[in-house]
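Remarks on the structure that follows.
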Amino acid sequence: MTSTVYGYPRQGRGRELKTAVEGYWKGRTDAAALHATAAELRRTAWRELAEAGLAELPTGDFSYYDHVLDTTVMVGAIPDRHRAAVEADPLDGYFAMARGTDDAAPLEMTKWFDTNYHYLVPELGPDTVFAANSAKQTAEFAEAFGLGHSPRPVLVGPVTYLLLAKPAPGVPADFEPLTLLDRLLPVYAEVLADLKAAGATWVQLDEPALVQDRTPADLNAAARAYRELGALADRPKLLVASYFDRLGEALPVLAKAPVEGLALDFTGPAAANLADLAAVGGLPGKRLVAGVVDGRNVWINDHEKSLATLGTLLGLADRVDVAASCSLLHVPLDAAAERDVDPQIRRWLAFARQKTGEIVTLARGLARGTAAVTAELAANRADLASRATSPLTRDPAVRARAAAVTDADARRTQPYPERAAAQRAHLGLPPLPTTTIGSFPQTTALRTARADLRSGRIGQDEYDKRIAAEIDEVVAFQEDAGLDVLVHGEPERNDMVQYFAEQLTGYLATRHGWVQSYGTRYVRPPILAGDISRPAPMTVRWTTYARSRTPKPVKGMLTGPVTMLAWSFVRDDQPLADTARQVALALRDEVVDLEAAGTSVIQVDEPALRETLPLRAERRADYLAWATGAFRLATSAVRPDTQIHTHMCYAEFGDVLRAIDDLDADVISLEAARSHMQVARELAGAGYPREAGPGVWDIHSPRVPSAAEVTDLLRAGLAALPADRLWVNPDCGLKTRGWPETRASLHHLVTAARTLRTELS
C-alpha cells in the first residue's frame with residue numbers, strides 16, 4: 001500500500017510561473033530563464049510531495065500553459081496554420097497555438113469537464129498525421145528520477161484526447177475524431193516505449209471522458225485501445241485513471257482490460273464507484289488507486305469515513321493505494337499561508353499541501369491499522385465537529401427567508417414579447433446595438449492603487465478618487481468609440497466572484513489561494529462557509545456614478561448565483577440548490593436597488609451555467625431546474641422595461657440551450673469568435689426567441705481582429721439570427737487585455753456594426 005497524487009499546482013508559492021511566462025511573452029526574459037524557473041518549480045513540488053511522505057510522484061503534469069496542448073504536441077497534431085511556427089521555434093509555436101498571432105488564430109478554448117480549468121481543444125481531421133514527440137514527458141521523468149524520486153508519468157489517455165477534440169477548420173462538422181484511434185495508438189505505443197526506456201515502471205493514462213455517458217461505439221473504442229496498448233511487449237505497467245464522476249458503463253470495460261491498474265474517484269457522486277466495483281467482481285490481479293480525498297474542494301477530509309471505504313476496497317483488489325480524487329491542480333497550494341483566516345476556521349481547510357498530508361495519514365492507517373493514526377483521527381473528529389456546530393455556518397433569518405420563496409418570486413410579471421417592446425421604447429437603441437461584457441483593462445495603476453489601499457499607503461478617499469478617474473476615462477472612451485450601451489469598467493473589482501464574496505456574509509476570502517483558470521490566468525476562489533446574506537448595496541454607488549457621466553445607458557454588472565457557487569469552493573454540508581437560493585436572494589436585493597437608482601440595463605453573468613452541468617445525464621434535469629430557478633429568483637423583481645442581460649463564455653452550449661431559454665433573460669451574450677459563430681447557429685436551431693450577442697472578438701488572445709474580420713463574423717451571426725435580435729460585443733470581459741488592443745478592437749467592432757446597419761437600411 002502506498003500514497004500518491006495525480007498532479008499538483010503548477011504556479012509556485014508566489015505564482016512564479018505566471019511571472020516567468022508573461023516575462024517571456026513581453027521579451028523581458030529569454031527561453032533559458034523560463035526553462036530554469038520551470039525546472040525549479042518542478043523540483044520544489046516534487047520535494048514537497050516526497051517530504052510529505054508520498055511514495056510515488058507524478059511527472060508530466062507540469063505545463064507552461066495547458067496539459068491538453070502538451071498532449072497535442074506529444075502526438076504531433078499541430079494545426080497547419082501553426083506548423084511553420086512550431087518548426088521554427090517549438091516554444092514560440094506552442095504559445096502561438098495557445099494565444100494566436102497576427103496571422104493565425106489560436107486553438108479554441110473550453111472548460112475541462114465540469115471544472116473552471118480551461119483546455120485548448122485539439123483540431124483533427126481525416127488527413128491528420130500523428131507523430132510521437134515524447135521529449136517533454138521523458139525529460140521530466142528523467143529530472144525526477146535523477147533527484148532520487150519514484151516518478152510515474154501522467155498522460156492524457158488516447159480515448160479522452162480524441163473525445164475532447166473537434167473537427168479542424170474546413171473539416172465537415174460531423175467528422176468524429178474518435179475514428180482516428182487506430183492511427184493514434186501506435187504513437188502512444190512509441191511514447192510508452194520511450195518512457196520505459198527512460199526507466200518508468202508505471203505510466204498513468206487519464207481517461208476522465210469515460211465517466212460521461214458514452215455510446216457503445218465509445219466503449220468499444222476504449223476496449224480496443226486498452227486491449228492493444230495492454231498487449232504491447234515493450235511498455236511500462238499501465239494505470240488507467242478516471243475522476244470527476246463514476247465510471248458507469250465504462251467500469252467493466254476497463255476492469256477486463258489487460259492493464260495493471262485502475263484509479264477511481266470515490267468522492268461526491270463518484271462514491272457510486274464502490275458499489276459498481278463490487279458488482280463487477282472487483283479488480284482481481286490489479287492495482288487500485290482509490291481517490292478518497294476530494295481533490296476539488298478545500299474542506300478537510302472525514303478520515304473515519306475514508307478509512308471505512310478503503311477497508312471495503314481491500315476486498316476488491318490485490319493492492320489498494322490512497323490518492324486524491326483527481327489532480328490537485330484544482331485547489332490552492334497551502335492553507336497554512338492564509339494568516340488572515342481565523343485559526344479555528346483554518347483548521348477546517350485543506351489545500352494541496354494539507355490534502356497530501358491527509359492522503360499519507362490514510363495510507364498509514366490502512367497499512368498499519370487505526371492505532372497507528374489515533375492522534376490524527378482524534379484531531380480530525382474534533383475539527384469536523386467544530387465546523388458542524390459553529391454559528392458561523394447557520395443564520396436562522398437567511399434560512400427562514402429562503403424557505404418562504406414561492407414559484408411566483410422567480411417569474412417576471414410580463415412575458416418576453418411585451419417586455420421587449422417596452423424595453424425598445426424605453427432604451428431607443430439602434431439595430432445591432434454595441435456593448436461590452438463589463439470589465440475594462442485592469443492596469444498597473446489600478447492594481448497599485450488597490451495594493452496601496454490594502455497596505456495603508458493611501459486612504460479610502462484617495463482610492464475613491466482614482467477609481468472615479470478611471471471610470472471617467474472608460475466612459476469617455478466608450479462614448480468616443482460610439483458604443484451604444486456602456487459599462488463603468490469595473491475598476492474597483494479584483495475578481496467577478498471575489499468582489500461580491502467580500503461583501504456578502506458567509507464567504508471567506510483568501511490572500512494566497514490562487515488556482516489556475518487557463519494559461520497564466522489565476523483566480524482566488526472564495527470559500528463559501530456559511531449562510532449568505534447582503535448587509536449593504538455592493539455595486540450601486542459606482543454604477544450610479546458612471547450613469548452621471550453620460551446620457552447613454554450604463555449596465556449594472558453582477559455575477560449570477562450559479563457562477564458565485566461554481567467559481568467558489570462551496571460548502572459540502574448542504575445541497576447546492578439551498579446555497580444557490582441564498583445567493584440568489586442576496587443578488588435580488590442588489591438588482592432591486594440598482595433599478596431603484598435608475599439603472600435600466602442590468603447584466604447578471606452566468607458563465608458557469610454550462611460548466612457546472614453534471615457529467616452524467618441522470619442528474620442534469622435536477623441541476624438545471626434549481627440553477628435556472630436561482631437566476632430567475634435573482635432577476636425577476638424588476639419592471640418590464642428594465643432589460644436583464646446575462647453572459648456565458650467558453651463552453652459547449654448545445655446541452656443547455658433549453659436552460660438558456662428557461663433563464664428568461666432579455667439578452668444573452670456568449671463566446672463565439674473562436675468557434676466561428678457556432679453558438680448563433682445553435683440558438684437559431686433551437687428556436688431561441690430572445691436577443692443574443694454572440695462574441696465577435698476573442699479577448700483571450702492579444703491579437704486585434706480587423707474590421708473586416710468582425711464584419712464577416714457579424715454576417716455569419718445575421719445568417720442565423722435576425723438583425724432586431726442581434727447584439728454586437730466581445731466574447732468576454734476585457735480585464736486581461738491592454739488598452740492598445742482594447743481601443744483598436746472596439747473601434748473595429750463599432751465600424752463593423754455601422755457598416756452592416758448601413759447595408760440593412
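Residues are named by chain letter and number: chains run A, B, ... in the order of the C-alpha cells, numbers start at 1 in each chain, and ligands are numbered from 1 in the order shown.
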Gln582 in chain A surroundings by only C-alpha atoms, 10 Å radius, close-in-sequence under 2 positions cut, as a PDB file with N, CA, C and O atoms, in the first residue's frame:
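For reference, around_34.pdb as written:
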```
ATOM      1  N   VAL A 398     -31.695  33.993   7.404  1.00  0.00           N
ATOM      2  CA  VAL A 398     -31.465  33.640   6.000  1.00  0.00           C
ATOM      3  C   VAL A 398     -32.258  32.390   5.642  1.00  0.00           C
ATOM      4  O   VAL A 398     -32.900  32.318   4.584  1.00  0.00           O
ATOM      5  N   ARG A 399     -32.234  31.420   6.506  1.00  0.00           N
ATOM      6  CA  ARG A 399     -32.936  30.170   6.214  1.00  0.00           C
ATOM      7  C   ARG A 399     -34.454  30.364   6.185  1.00  0.00           C
ATOM      8  O   ARG A 399     -35.146  29.755   5.354  1.00  0.00           O
ATOM      9  N   ARG A 401     -36.031  33.158   5.300  1.00  0.00           N
ATOM     10  CA  ARG A 401     -36.371  33.859   4.059  1.00  0.00           C
ATOM     11  C   ARG A 401     -36.327  32.910   2.868  1.00  0.00           C
ATOM     12  O   ARG A 401     -37.219  32.937   2.003  1.00  0.00           O
ATOM     13  N   ALA A 402     -35.314  32.052   2.807  1.00  0.00           N
ATOM     14  CA  ALA A 402     -35.211  31.106   1.698  1.00  0.00           C
ATOM     15  C   ALA A 402     -36.385  30.129   1.701  1.00  0.00           C
ATOM     16  O   ALA A 402     -36.917  29.771   0.640  1.00  0.00           O
ATOM     17  N   ALA A 403     -36.814  29.710   2.868  1.00  0.00           N
ATOM     18  CA  ALA A 403     -37.919  28.763   2.958  1.00  0.00           C
ATOM     19  C   ALA A 403     -39.240  29.375   2.515  1.00  0.00           C
ATOM     20  O   ALA A 403     -40.159  28.653   2.103  1.00  0.00           O
ATOM     21  N   ASP A 531     -24.169  30.573   5.774  1.00  0.00           N
ATOM     22  CA  ASP A 531     -25.358  31.106   5.106  1.00  0.00           C
ATOM     23  C   ASP A 531     -25.081  32.509   4.574  1.00  0.00           C
ATOM     24  O   ASP A 531     -24.347  33.296   5.182  1.00  0.00           O
ATOM     25  N   ILE A 532     -25.715  32.826   3.430  1.00  0.00           N
ATOM     26  CA  ILE A 532     -25.374  34.017   2.651  1.00  0.00           C
ATOM     27  C   ILE A 532     -26.438  35.099   2.797  1.00  0.00           C
ATOM     28  O   ILE A 532     -27.641  34.836   2.661  1.00  0.00           O
ATOM     29  N   SER A 533     -25.977  36.336   3.036  1.00  0.00           N
ATOM     30  CA  SER A 533     -26.868  37.494   3.001  1.00  0.00           C
ATOM     31  C   SER A 533     -26.066  38.713   2.568  1.00  0.00           C
ATOM     32  O   SER A 533     -24.838  38.693   2.566  1.00  0.00           O
ATOM     33  N   ARG A 534     -26.790  39.791   2.198  1.00  0.00           N
ATOM     34  CA  ARG A 534     -26.166  41.030   1.716  1.00  0.00           C
ATOM     35  C   ARG A 534     -26.411  42.135   2.734  1.00  0.00           C
ATOM     36  O   ARG A 534     -27.513  42.667   2.823  1.00  0.00           O
ATOM     37  N   PRO A 561     -25.943  33.663  -9.416  1.00  0.00           N
ATOM     38  CA  PRO A 561     -25.830  32.724  -8.299  1.00  0.00           C
ATOM     39  C   PRO A 561     -25.109  31.433  -8.638  1.00  0.00           C
ATOM     40  O   PRO A 561     -24.356  30.909  -7.809  1.00  0.00           O
ATOM     41  N   ALA A 577     -28.418  23.401  -4.218  1.00  0.00           N
ATOM     42  CA  ALA A 577     -29.633  24.167  -4.512  1.00  0.00           C
ATOM     43  C   ALA A 577     -29.989  25.106  -3.371  1.00  0.00           C
ATOM     44  O   ALA A 577     -30.432  26.242  -3.598  1.00  0.00           O
ATOM     45  N   ASP A 578     -29.786  24.673  -2.142  1.00  0.00           N
ATOM     46  CA  ASP A 578     -30.093  25.527  -0.999  1.00  0.00           C
ATOM     47  C   ASP A 578     -29.151  26.727  -0.946  1.00  0.00           C
ATOM     48  O   ASP A 578     -29.572  27.861  -0.670  1.00  0.00           O
ATOM     49  N   THR A 579     -27.873  26.475  -1.205  1.00  0.00           N
ATOM     50  CA  THR A 579     -26.907  27.574  -1.206  1.00  0.00           C
ATOM     51  C   THR A 579     -27.196  28.539  -2.344  1.00  0.00           C
ATOM     52  O   THR A 579     -27.116  29.761  -2.172  1.00  0.00           O
ATOM     53  N   ALA A 580     -27.551  28.019  -3.511  1.00  0.00           N
ATOM     54  CA  ALA A 580     -27.850  28.878  -4.660  1.00  0.00           C
ATOM     55  C   ALA A 580     -29.033  29.789  -4.373  1.00  0.00           C
ATOM     56  O   ALA A 580     -29.046  30.967  -4.762  1.00  0.00           O
ATOM     57  N   ALA A 584     -29.014  33.810  -4.528  1.00  0.00           N
ATOM     58  CA  ALA A 584     -29.969  34.472  -5.415  1.00  0.00           C
ATOM     59  C   ALA A 584     -30.750  35.558  -4.680  1.00  0.00           C
ATOM     60  O   ALA A 584     -31.004  36.644  -5.230  1.00  0.00           O
ATOM     61  N   LEU A 585     -31.139  35.305  -3.458  1.00  0.00           N
ATOM     62  CA  LEU A 585     -31.886  36.307  -2.699  1.00  0.00           C
ATOM     63  C   LEU A 585     -31.016  37.525  -2.389  1.00  0.00           C
ATOM     64  O   LEU A 585     -31.496  38.668  -2.423  1.00  0.00           O
ATOM     65  N   ALA A 586     -29.748  37.307  -2.098  1.00  0.00           N
ATOM     66  CA  ALA A 586     -28.850  38.440  -1.873  1.00  0.00           C
ATOM     67  C   ALA A 586     -28.703  39.271  -3.146  1.00  0.00           C
ATOM     68  O   ALA A 586     -28.723  40.516  -3.113  1.00  0.00           O
ATOM     69  N   LEU A 587     -28.576  38.603  -4.295  1.00  0.00           N
ATOM     70  CA  LEU A 587     -28.460  39.321  -5.564  1.00  0.00           C
ATOM     71  C   LEU A 587     -29.771  40.007  -5.940  1.00  0.00           C
ATOM     72  O   LEU A 587     -29.768  41.084  -6.558  1.00  0.00           O
ATOM     73  N   ARG A 588     -30.879  39.402  -5.597  1.00  0.00           N
ATOM     74  CA  ARG A 588     -32.188  40.015  -5.877  1.00  0.00           C
ATOM     75  C   ARG A 588     -32.276  41.391  -5.214  1.00  0.00           C
ATOM     76  O   ARG A 588     -32.752  42.359  -5.824  1.00  0.00           O
ATOM     77  N   ALA A 630     -32.710  29.729  -9.665  1.00  0.00           N
ATOM     78  CA  ALA A 630     -31.943  30.697  -8.871  1.00  0.00           C
ATOM     79  C   ALA A 630     -31.693  31.974  -9.666  1.00  0.00           C
ATOM     80  O   ALA A 630     -31.789  33.085  -9.129  1.00  0.00           O
ATOM     81  N   ALA A 634     -33.170  35.780  -8.762  1.00  0.00           N
ATOM     82  CA  ALA A 634     -32.320  36.966  -8.619  1.00  0.00           C
ATOM     83  C   ALA A 634     -32.774  38.121  -9.500  1.00  0.00           C
ATOM     84  O   ALA A 634     -32.531  39.286  -9.171  1.00  0.00           O
TER      85      ALA A 634
END
```
Near Ala753 in chain A, within 8 Å and counting only C-alpha atoms, which residues show up once chain neighbours fewer than 3 positions away are dropped, as a PyMOL selection string? chain A and resi 432-434+711+714+728+749-750+756-757
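When CA of Ala337 in chain A is paired with CA of Glu376 in chain A, their separation reads 21.2 Å.
Each of A:Arg616, A:Pro730, A:Ala481, A:Ala546 was compared to Phe244 in chain A using only C-alpha atoms, and A:Arg616 turns out to be the nearest.
When CA of Ala200 in chain A is paired with CA of Leu362 in chain A, their separation reads 26.0 Å.
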Residue neighbourhood Ala139 in chain A, 12 Å, only C-alpha atoms, exclusion window fewer than 6 positions, as a ChimeraX atom specification: /A:39,42,59-60,62,133,145-146,151,153,194-195,197-200
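Residues lying within 9 Å of Arg549 in chain A, counting only C-alpha atoms and ignoring same-chain neighbours fewer than 6 positions away, are Ile471, Asp472, Val475 and Ala476 of chain A.
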Atoms kept (N, CA, C and O atoms) for selection, written as a PDB file, in the first residue's frame:
```
ATOM      1  N   ILE A 471     -13.128  55.478 -14.069  1.00  0.00           N
ATOM      2  CA  ILE A 471     -14.465  55.373 -14.659  1.00  0.00           C
ATOM      3  C   ILE A 471     -14.687  56.501 -15.654  1.00  0.00           C
ATOM      4  O   ILE A 471     -15.252  56.286 -16.746  1.00  0.00           O
ATOM      5  N   ASP A 472     -14.247  57.702 -15.323  1.00  0.00           N
ATOM      6  CA  ASP A 472     -14.372  58.824 -16.253  1.00  0.00           C
ATOM      7  C   ASP A 472     -13.705  58.486 -17.584  1.00  0.00           C
ATOM      8  O   ASP A 472     -14.262  58.742 -18.663  1.00  0.00           O
ATOM      9  N   VAL A 475     -15.685  55.629 -19.498  1.00  0.00           N
ATOM     10  CA  VAL A 475     -16.946  56.116 -20.070  1.00  0.00           C
ATOM     11  C   VAL A 475     -16.677  57.040 -21.254  1.00  0.00           C
ATOM     12  O   VAL A 475     -17.328  56.934 -22.305  1.00  0.00           O
ATOM     13  N   ALA A 476     -15.709  57.932 -21.107  1.00  0.00           N
ATOM     14  CA  ALA A 476     -15.388  58.850 -22.206  1.00  0.00           C
ATOM     15  C   ALA A 476     -14.914  58.090 -23.432  1.00  0.00           C
ATOM     16  O   ALA A 476     -15.290  58.421 -24.573  1.00  0.00           O
TER      17      ALA A 476
END
```
Using only C-alpha atoms, I'd like a table of the residues in range 550-607 of chain A that come within 10 Å of range 106-122 of chain A; for each, show the closest atom pair and its distance in Å rounded to one decimal, ordered by chain and ascending number, as a tab-separated table.
```
residue	atom	partner	partner_atom	distance
A:Ala566	CA	A:Asn116	CA	7.6
A:Trp567	CA	A:Asn116	CA	6.9
A:Ser568	CA	A:Asn116	CA	9.8
```
Spatial neighbours of Lys355 in chain A, max dist 10 Å, only C-alpha atoms, sep filter under 6 positions, as JSON, numbers by chain: {"A": [5, 293, 294, 295, 298, 299, 300, 301, 323, 324, 328, 331, 333, 334, 335, 349, 361]}
Could those selected residues go to a file with N, CA and C atoms, as an mmCIF file, in the first residue's frame?
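Writing the result to selection-v2.cif gives the following:
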```cif
data_model
loop_
_atom_site.group_PDB
_atom_site.id
_atom_site.type_symbol
_atom_site.label_atom_id
_atom_site.label_comp_id
_atom_site.auth_asym_id
_atom_site.auth_seq_id
_atom_site.Cartn_x
_atom_site.Cartn_y
_atom_site.Cartn_z
ATOM 1 N N VAL A 5 -0.479 11.179 -5.717
ATOM 2 C CA VAL A 5 -1.423 12.143 -6.292
ATOM 3 C C VAL A 5 -1.258 12.097 -7.802
ATOM 4 N N VAL A 293 -9.808 11.318 -1.092
ATOM 5 C CA VAL A 293 -9.677 12.698 -0.616
ATOM 6 C C VAL A 293 -10.107 13.616 -1.753
ATOM 7 N N ASP A 294 -11.092 14.465 -1.503
ATOM 8 C CA ASP A 294 -11.669 15.323 -2.540
ATOM 9 C C ASP A 294 -10.609 16.286 -3.077
ATOM 10 N N GLY A 295 -10.262 16.141 -4.339
ATOM 11 C CA GLY A 295 -9.245 16.991 -4.954
ATOM 12 C C GLY A 295 -9.784 18.275 -5.529
ATOM 13 N N VAL A 298 -12.032 22.342 -0.701
ATOM 14 C CA VAL A 298 -10.993 22.745 0.254
ATOM 15 C C VAL A 298 -11.298 22.350 1.691
ATOM 16 N N TRP A 299 -12.327 21.542 1.903
ATOM 17 C CA TRP A 299 -12.673 21.154 3.269
ATOM 18 C C TRP A 299 -11.881 19.927 3.682
ATOM 19 N N ILE A 300 -11.605 19.821 4.976
ATOM 20 C CA ILE A 300 -10.856 18.674 5.470
ATOM 21 C C ILE A 300 -11.622 17.385 5.196
ATOM 22 N N ASN A 301 -10.871 16.333 5.083
ATOM 23 C CA ASN A 301 -11.421 15.018 4.813
ATOM 24 C C ASN A 301 -12.026 14.419 6.087
ATOM 25 N N ALA A 323 -5.120 8.030 -2.744
ATOM 26 C CA ALA A 323 -4.845 9.229 -3.545
ATOM 27 C C ALA A 323 -5.965 10.232 -3.352
ATOM 28 N N ALA A 324 -5.755 11.411 -3.914
ATOM 29 C CA ALA A 324 -6.847 12.374 -4.062
ATOM 30 C C ALA A 324 -7.734 11.923 -5.211
ATOM 31 N N LEU A 328 -4.516 17.699 -7.949
ATOM 32 C CA LEU A 328 -4.655 18.813 -7.013
ATOM 33 C C LEU A 328 -4.455 20.166 -7.693
ATOM 34 N N VAL A 331 -7.078 22.970 -6.622
ATOM 35 C CA VAL A 331 -7.158 23.617 -5.310
ATOM 36 C C VAL A 331 -5.914 24.478 -5.104
ATOM 37 N N LEU A 333 -2.537 26.063 -3.058
ATOM 38 C CA LEU A 333 -1.353 25.332 -2.638
ATOM 39 C C LEU A 333 -1.318 25.015 -1.149
ATOM 40 N N ASP A 334 -1.536 26.023 -0.274
ATOM 41 C CA ASP A 334 -1.239 25.800 1.137
ATOM 42 C C ASP A 334 -2.142 26.643 2.031
ATOM 43 N N ALA A 335 -3.014 25.994 2.781
ATOM 44 C CA ALA A 335 -3.914 26.722 3.689
ATOM 45 C C ALA A 335 -3.153 27.391 4.825
ATOM 46 N N LEU A 349 -9.873 23.701 6.786
ATOM 47 C CA LEU A 349 -9.461 23.815 5.384
ATOM 48 C C LEU A 349 -8.300 22.881 5.054
ATOM 49 N N THR A 361 -1.668 10.132 5.782
ATOM 50 C CA THR A 361 -2.271 9.622 7.020
ATOM 51 C C THR A 361 -3.182 8.441 6.737
#
```
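Using only C-alpha atoms, the smallest distance between any of A:Pro553, A:Gly530, A:Pro614, A:Gly482 and Thr505 in chain A comes from A:Gly530.
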Can you write out as CSV which residues of range 283-331 of chain A fall within 9 Å of range 228-240 of chain A, alongside each residue's closest atom pair and its distance in Å to one decimal, counting only C-alpha atoms and ordering rows by chain and ascending residue number?
```
residue,atom,partner,partner_atom,distance
A:Arg287,CA,A:Leu239,CA,8.0
A:Leu288,CA,A:Leu239,CA,8.6
A:Val289,CA,A:Leu239,CA,8.6
```
Using only C-alpha atoms, can you tell me which of A:Ala744, A:Ala272, A:Leu565, A:Val487 comes closest to Tyr545 in chain A? A:Val487
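If only C-alpha atoms are the atoms counted, then among A:Cys649, A:Ala317, A:Ala625, A:Val211 the closest residue to Ala255 in chain A is A:Ala317.
Using only C-alpha atoms, the shortest contact distance between Val341 in chain A and any of A:Lys18, A:Lys256, A:Arg511, A:Arg610 is found at A:Arg511.
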From a backbone DSSP assignment, name each residue in range 156-350 of chain A labelled alpha helix (DSSP H), as a PyMOL selection string. chain A and resi 158-164+181-198+216-230+250-256+273-279+303-313+343-346
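The protein and nucleic acid residues lying at most 7 Å from range 439-449 of chain A are Tyr463, Gly489, Glu490, Pro491, Gly733, Leu734, Lys735, Thr736, Arg737, Gly738 and Trp739 of chain A, with only C-alpha atoms considered and sequence neighbours fewer than 6 positions away removed.
Here CA of Lys26 in chain A is placed at a distance of 27.5 Å from CA of His330 in chain A.
Nearest-residue note for Ala637 in chain A: choosing from A:Ser455, A:Thr309, A:Gln414, A:Thr563, the minimum distance belongs to A:Gln414, counting only C-alpha atoms.
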Quick one: pick out all strand (DSSP E) residues within range 595-744 of chain A from a backbone DSSP run and write them as number ranges by chain. A: 601-605, 643-648, 667-670, 691-694
Grab the residues selected above and save them as a short mmCIF file (atom, residue, chain, number, x, y, z; two decimals), in the first residue's frame with C-alpha atoms.
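Listing of out.cif after writing:
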```cif
data_model
loop_
_atom_site.label_atom_id
_atom_site.label_comp_id
_atom_site.auth_asym_id
_atom_site.auth_seq_id
_atom_site.Cartn_x
_atom_site.Cartn_y
_atom_site.Cartn_z
CA VAL A 601 -29.98 47.61 -18.09
CA ILE A 602 -28.71 45.06 -15.58
CA GLN A 603 -26.41 42.20 -16.52
CA VAL A 604 -26.23 39.12 -14.30
CA ASP A 605 -23.42 36.94 -15.62
CA GLN A 643 -33.64 44.91 -19.53
CA ILE A 644 -31.96 41.88 -17.95
CA HIS A 645 -28.80 40.62 -19.67
CA THR A 646 -26.72 37.55 -18.94
CA HIS A 647 -23.37 36.34 -20.24
CA MET A 648 -21.72 32.95 -20.77
CA VAL A 667 -30.47 39.45 -23.81
CA ILE A 668 -27.69 36.86 -23.65
CA SER A 669 -24.10 37.35 -24.79
CA LEU A 670 -21.92 34.32 -25.47
CA GLU A 691 -31.96 38.79 -28.17
CA ALA A 692 -28.39 37.50 -28.29
CA GLY A 693 -24.85 38.81 -28.64
CA PRO A 694 -22.52 36.10 -29.95
#
```
